[in-house]
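start.txt follows (compact mmCIF, C-alpha atoms and all ligand atoms):
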```txt
# COMPACT_ATOMS: atom_id res chain seq x y z
CA MET Y 1 -35.08 109.94 45.58
CA ILE Y 2 -31.88 111.38 44.13
CA PRO Y 3 -30.30 114.16 46.24
CA LEU Y 4 -30.39 117.51 44.46
CA ALA Y 5 -26.59 117.88 44.33
CA GLN Y 6 -26.34 114.56 42.56
CA SER Y 7 -29.01 115.31 39.98
CA THR Y 8 -27.34 118.67 39.34
CA ASP Y 9 -24.10 116.84 38.62
CA HIS Y 10 -25.89 114.47 36.27
CA ALA Y 11 -27.41 117.39 34.38
CA PHE Y 12 -23.97 119.05 34.14
CA VAL Y 13 -22.32 115.91 32.79
CA LEU Y 14 -25.15 115.24 30.33
CA ARG Y 15 -24.94 118.84 29.11
CA ALA Y 16 -21.26 118.18 28.35
CA ALA Y 17 -22.23 114.99 26.50
CA LEU Y 18 -24.76 116.88 24.39
CA PHE Y 19 -22.27 119.69 23.68
CA ALA Y 20 -19.65 117.16 22.56
CA ALA Y 21 -22.17 115.24 20.42
CA ARG Y 22 -23.15 118.43 18.62
CA ARG Y 23 -19.57 119.64 18.12
CA HIS Y 24 -18.41 116.27 16.76
CA ALA Y 25 -21.68 115.68 14.83
CA ASP Y 26 -20.13 115.61 11.37
CA GLN Y 27 -16.93 113.74 12.34
CA ARG Y 28 -16.07 110.08 12.06
CA ARG Y 29 -13.22 108.03 13.52
CA LYS Y 30 -10.38 107.15 11.17
CA GLY Y 31 -10.98 103.40 11.58
CA LYS Y 32 -12.29 101.38 8.67
CA ASP Y 33 -15.74 101.17 10.32
CA ARG Y 34 -15.97 104.99 10.30
CA GLU Y 35 -17.65 105.07 13.71
CA PRO Y 36 -19.21 108.39 14.70
CA TYR Y 37 -16.51 110.39 16.52
CA VAL Y 38 -18.76 110.90 19.52
CA ASN Y 39 -18.58 107.16 20.26
CA HIS Y 40 -14.96 107.73 21.28
CA VAL Y 41 -15.65 110.46 23.82
CA ILE Y 42 -18.59 108.51 25.26
CA GLU Y 43 -16.24 105.55 25.77
CA VAL Y 44 -13.66 107.76 27.49
CA ALA Y 45 -16.29 109.22 29.83
CA GLU Y 46 -17.71 105.76 30.52
CA ARG Y 47 -14.25 104.43 31.45
CA LEU Y 48 -13.78 107.37 33.82
CA ALA Y 49 -17.19 106.70 35.38
CA HIS Y 50 -15.97 103.21 36.34
CA SER Y 51 -12.80 104.58 37.96
CA SER Y 52 -12.35 105.52 41.59
CA GLU Y 53 -13.11 109.14 40.57
CA GLY Y 54 -16.39 108.21 38.91
CA ASN Y 55 -18.33 110.71 41.03
CA ASP Y 56 -16.25 113.66 39.87
CA ALA Y 57 -18.56 115.64 37.58
CA VAL Y 58 -15.69 117.85 36.37
CA LEU Y 59 -13.70 114.80 35.30
CA LEU Y 60 -16.66 113.17 33.53
CA ALA Y 61 -17.63 116.39 31.74
CA ALA Y 62 -14.03 116.83 30.59
CA GLY Y 63 -14.07 113.21 29.42
CA PHE Y 64 -16.86 114.11 27.01
CA LEU Y 65 -15.26 117.41 26.01
CA HIS Y 66 -11.60 116.39 25.83
CA ASP Y 67 -11.28 116.46 22.02
CA THR Y 68 -13.52 119.45 21.27
CA VAL Y 69 -10.75 122.07 21.31
CA GLU Y 70 -8.28 119.92 19.38
CA ASP Y 71 -10.69 118.58 16.77
CA THR Y 72 -13.61 121.02 16.41
CA GLU Y 73 -14.13 124.78 16.18
CA THR Y 74 -14.48 124.99 19.97
CA THR Y 75 -12.18 127.39 21.84
CA PRO Y 76 -10.97 127.09 25.45
CA ARG Y 77 -13.06 130.21 26.10
CA ASP Y 78 -16.22 128.40 24.86
CA ILE Y 79 -15.55 125.58 27.32
CA GLU Y 80 -14.92 128.01 30.16
CA THR Y 81 -18.13 129.93 29.42
CA GLU Y 82 -20.27 126.80 29.20
CA PHE Y 83 -18.68 124.58 31.86
CA GLY Y 84 -16.48 126.75 34.05
CA HIS Y 85 -12.82 127.16 34.77
CA GLU Y 86 -12.04 123.70 36.18
CA VAL Y 87 -13.38 121.85 33.14
CA ALA Y 88 -11.71 124.31 30.74
CA GLN Y 89 -8.41 123.92 32.57
CA LEU Y 90 -8.61 120.15 32.42
CA VAL Y 91 -9.50 120.08 28.71
CA ALA Y 92 -6.56 122.44 28.08
CA GLU Y 93 -4.25 120.06 29.93
CA VAL Y 94 -5.10 117.18 27.60
CA THR Y 95 -5.18 119.25 24.40
CA ASP Y 96 -2.10 119.01 22.18
CA ASP Y 97 -0.45 122.15 20.83
CA THR Y 98 -1.55 122.09 17.18
CA ALA Y 99 1.46 124.22 16.21
CA LEU Y 100 3.63 121.13 16.83
CA THR Y 101 4.09 118.30 14.35
CA SER Y 102 2.55 114.94 15.12
CA ALA Y 103 5.96 113.53 16.14
CA GLU Y 104 6.62 116.54 18.38
CA ARG Y 105 3.22 116.15 20.04
CA LYS Y 106 3.96 112.52 20.77
CA ARG Y 107 7.34 113.36 22.35
CA TRP Y 108 5.74 116.20 24.30
CA GLN Y 109 3.10 113.88 25.77
CA VAL Y 110 5.76 111.42 26.93
CA ALA Y 111 7.77 114.23 28.50
CA ARG Y 112 4.84 115.98 30.22
CA ILE Y 113 2.45 113.28 31.41
CA ALA Y 114 4.05 112.76 34.83
CA LEU Y 115 3.76 116.51 35.55
CA LYS Y 116 0.05 116.76 34.81
CA SER Y 117 -2.82 116.88 37.28
CA ARG Y 118 -4.30 113.65 38.59
CA ARG Y 119 -7.51 114.30 36.65
CA ALA Y 120 -5.54 114.84 33.42
CA GLN Y 121 -3.69 111.59 34.05
CA PHE Y 122 -6.94 109.69 34.60
CA LEU Y 123 -8.33 111.17 31.41
CA THR Y 124 -5.18 110.29 29.47
CA ILE Y 125 -5.31 106.63 30.52
CA ALA Y 126 -8.97 106.38 29.49
CA ASP Y 127 -8.26 108.14 26.17
CA LYS Y 128 -5.27 105.96 25.27
CA THR Y 129 -7.22 102.83 26.24
CA ALA Y 130 -10.08 103.83 23.94
CA ASN Y 131 -7.65 104.60 21.11
CA VAL Y 132 -5.81 101.29 21.45
CA GLY Y 133 -9.16 99.47 21.59
CA SER Y 134 -10.24 101.26 18.41
CA LEU Y 135 -7.12 100.02 16.62
CA VAL Y 136 -7.95 96.45 17.62
CA ARG Y 137 -11.60 96.75 16.55
CA SER Y 138 -11.27 98.94 13.50
CA ALA Y 139 -7.83 100.21 12.50
CA PRO Y 140 -7.61 102.82 9.72
CA ALA Y 141 -7.34 101.01 6.39
CA ASP Y 142 -4.10 102.81 5.49
CA TRP Y 143 -2.28 102.01 8.78
CA SER Y 144 0.39 99.32 8.46
CA ARG Y 145 0.89 96.72 11.18
CA THR Y 146 4.15 98.51 12.04
CA ARG Y 147 2.36 101.80 12.56
CA ILE Y 148 -0.30 100.19 14.74
CA VAL Y 149 2.30 98.44 16.91
CA ALA Y 150 4.32 101.68 17.17
CA TYR Y 151 1.19 103.51 18.36
CA GLY Y 152 0.74 100.89 21.08
CA GLN Y 153 4.36 101.27 22.16
CA TRP Y 154 3.98 105.04 22.33
CA ALA Y 155 0.72 104.76 24.31
CA GLU Y 156 2.53 102.44 26.73
CA SER Y 157 5.39 104.93 27.10
CA VAL Y 158 2.85 107.56 28.21
CA VAL Y 159 0.53 105.43 30.36
CA GLY Y 160 3.39 103.36 31.83
CA GLN Y 161 4.57 106.48 33.68
CA ILE Y 162 1.28 106.96 35.54
CA ARG Y 163 0.29 103.40 36.37
CA GLY Y 164 -0.83 102.58 39.91
CA MET Y 165 -3.38 105.34 40.52
CA ASP Y 166 -6.48 103.36 39.66
CA ALA Y 167 -6.79 99.59 39.33
CA THR Y 168 -9.82 99.71 37.00
CA LEU Y 169 -8.22 102.13 34.55
CA ASP Y 170 -4.94 100.23 34.64
CA ALA Y 171 -6.71 96.92 33.96
CA GLY Y 172 -8.60 98.47 31.04
CA PHE Y 173 -5.40 99.74 29.45
CA LEU Y 174 -3.54 96.46 29.97
CA ALA Y 175 -6.44 94.50 28.44
CA ALA Y 176 -6.50 96.78 25.40
CA MET Y 177 -2.72 96.46 24.97
CA ALA Y 178 -2.88 92.68 25.33
CA ALA Y 179 -5.56 92.54 22.61
CA LEU Y 180 -3.44 94.79 20.37
CA GLN Y 181 -0.37 92.62 20.82
CA GLN Y 182 -2.33 89.44 20.28
CA ARG Y 183 -3.71 90.80 17.04
CA PHE Y 184 -0.68 92.64 15.64
CA GLY Y 185 2.36 91.33 17.56
CA SER Y 186 4.58 93.35 19.87
CA THR Y 187 7.49 94.33 17.66
CA ALA Y 188 7.16 97.15 15.20
CA ASP Y 189 9.44 95.68 12.49
ZN ZN T 1 -9.64 111.30 22.62
```
For this file, produce the structure as structure tokens.
Amino acid sequence: MIPLAQSTDHAFVLRAALFAARRHADQRRKGKDREPYVNHVIEVAERLAHSSEGNDAVLLAAGFLHDTVEDTETTPRDIETEFGHEVAQLVAEVTDDTALTSAERKRWQVARIALKSRRAQFLTIADKTANVGSLVRSAPADWSRTRIVAYGQWAESVVGQIRGMDATLDAGFLAAMAALQQRFGSTAD
């Protein structure tokens, strides 16, 4: 028998999964395998579920929803209406400012990560781990080795600042980075 509070949390998290699947329905990852985009957010949520905060329904829901504002027509208001203030706040924390260039966004993430909430930091580690893993499995066809290695170095410069909160998340990121370096080397030139 599952306690009611727990089944309510499951329903909440699965509603977020369904919302994300619908919003990302027509999107594919940039990798050469063109995986459905939703695979990425499922992986991020799954990594969070294995962390020490795996019972936090807000964190898991935000794991599913974390790219909806950045990459789909979804607004922060939509997230707030559907999933409440805490989830909307967390998704906002991990959403880049699309007015910035890609290089500016990358610098901004490095500069801001240590100031973010613990949940946002957990989510960021899971997200970067999934992205690095995607590059190992299925890098975009037009990405050079140099670009792939530089992405790994940038991911490390973000995640390296927030290591030590969760052994499982840290181990996942380090394993993904080790696979990236084994495949593509560790110097970008
Ligand atoms: Zn993501």
Using only C-alpha atoms and all ligand atoms, what table do you get, as a tab-separated table, when you list each residue of chain Y with an atom no more than 10 Å from ligand ZN 1 (chain T), its nearest pair of atoms, and their distance in Å rounded to one decimal, rows by chain then rising number?
```
residue	atom	partner	partner_atom	distance
Y:Tyr37	CA	T:ZN1	ZN	9.2
Y:Val38	CA	T:ZN1	ZN	9.6
Y:His40	CA	T:ZN1	ZN	6.5
Y:Val41	CA	T:ZN1	ZN	6.2
Y:Ile42	CA	T:ZN1	ZN	9.7
Y:Glu43	CA	T:ZN1	ZN	9.3
Y:Val44	CA	T:ZN1	ZN	7.2
Y:Gly63	CA	T:ZN1	ZN	8.3
Y:Phe64	CA	T:ZN1	ZN	8.9
Y:Leu65	CA	T:ZN1	ZN	9.0
Y:His66	CA	T:ZN1	ZN	6.3
Y:Asp67	CA	T:ZN1	ZN	5.4
Y:Thr68	CA	T:ZN1	ZN	9.1
Y:Glu70	CA	T:ZN1	ZN	9.3
Y:Asp71	CA	T:ZN1	ZN	9.4
Y:Val94	CA	T:ZN1	ZN	8.9
Y:Thr95	CA	T:ZN1	ZN	9.3
Y:Leu123	CA	T:ZN1	ZN	8.9
Y:Thr124	CA	T:ZN1	ZN	8.2
Y:Ala126	CA	T:ZN1	ZN	8.5
Y:Asp127	CA	T:ZN1	ZN	4.9
Y:Lys128	CA	T:ZN1	ZN	7.4
Y:Thr129	CA	T:ZN1	ZN	9.5
Y:Ala130	CA	T:ZN1	ZN	7.6
Y:Asn131	CA	T:ZN1	ZN	7.2
```
Take the selection from the previous step and output its residues with C-alpha atoms, as a compact mmCIF listing (two decimals), keeping the file's coordinate frame.
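Writing done, so here's out.txt:
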```txt
# COMPACT_ATOMS: atom_id res chain seq x y z
CA TYR Y 37 -16.51 110.39 16.52
CA VAL Y 38 -18.76 110.90 19.52
CA HIS Y 40 -14.96 107.73 21.28
CA VAL Y 41 -15.65 110.46 23.82
CA ILE Y 42 -18.59 108.51 25.26
CA GLU Y 43 -16.24 105.55 25.77
CA VAL Y 44 -13.66 107.76 27.49
CA GLY Y 63 -14.07 113.21 29.42
CA PHE Y 64 -16.86 114.11 27.01
CA LEU Y 65 -15.26 117.41 26.01
CA HIS Y 66 -11.60 116.39 25.83
CA ASP Y 67 -11.28 116.46 22.02
CA THR Y 68 -13.52 119.45 21.27
CA GLU Y 70 -8.28 119.92 19.38
CA ASP Y 71 -10.69 118.58 16.77
CA VAL Y 94 -5.10 117.18 27.60
CA THR Y 95 -5.18 119.25 24.40
CA LEU Y 123 -8.33 111.17 31.41
CA THR Y 124 -5.18 110.29 29.47
CA ALA Y 126 -8.97 106.38 29.49
CA ASP Y 127 -8.26 108.14 26.17
CA LYS Y 128 -5.27 105.96 25.27
CA THR Y 129 -7.22 102.83 26.24
CA ALA Y 130 -10.08 103.83 23.94
CA ASN Y 131 -7.65 104.60 21.11
```
Problem set entry | From Y:Met165, Y:Leu115, Y:Phe122, Y:Arg29, residue lying nearest Y:Ala45 [all atoms listed in the file] |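 Result for the nearest residue to Y:Ala45: Y:Phe122.
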For this session: Rounded to one decimal place, report the atom CA of Y:Arg15-atom CA of Y:Glu93 distance in Å.
Result: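 Between these atoms lies a distance of 20.7 Å.
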Centre and size of axis-aligned box enclosing stretch 5-12 of chain Y plus 5 Å each side, as lines of an AutoDock Vina configuration file:
```
center_x = -26.5
center_y = 116.8
center_z = 39.2
size_x = 15.0
size_y = 14.6
size_z = 20.2
```
For this session: Extract, using all atoms listed in the file, all DNA, RNA and protein residues at most 7 Å from stretch 166-182 of chain Y, discarding same-chain residues fewer than 2 positions from it, and format them as a PyMOL selection string.
Result: chain Y and resi 51-52+125-126+129+132-133+136+152+163-164+184-186
For this session: Give the answer as one residue: which of Y:Thr187, Y:Thr75, Y:Thr101, Y:Ser7 has the shortest atom-to-atom distance to Y:Arg147, using only C-alpha atoms?
Result: Y:Thr187
For this session: Could you jot down the atom CA of Y:Glu104 to atom CA of Y:Lys30 separation for me, Å, one decimal place?
Result: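 Atom CA of Y:Lys30 lies at a distance of 20.7 Å from atom CA of Y:Glu104.
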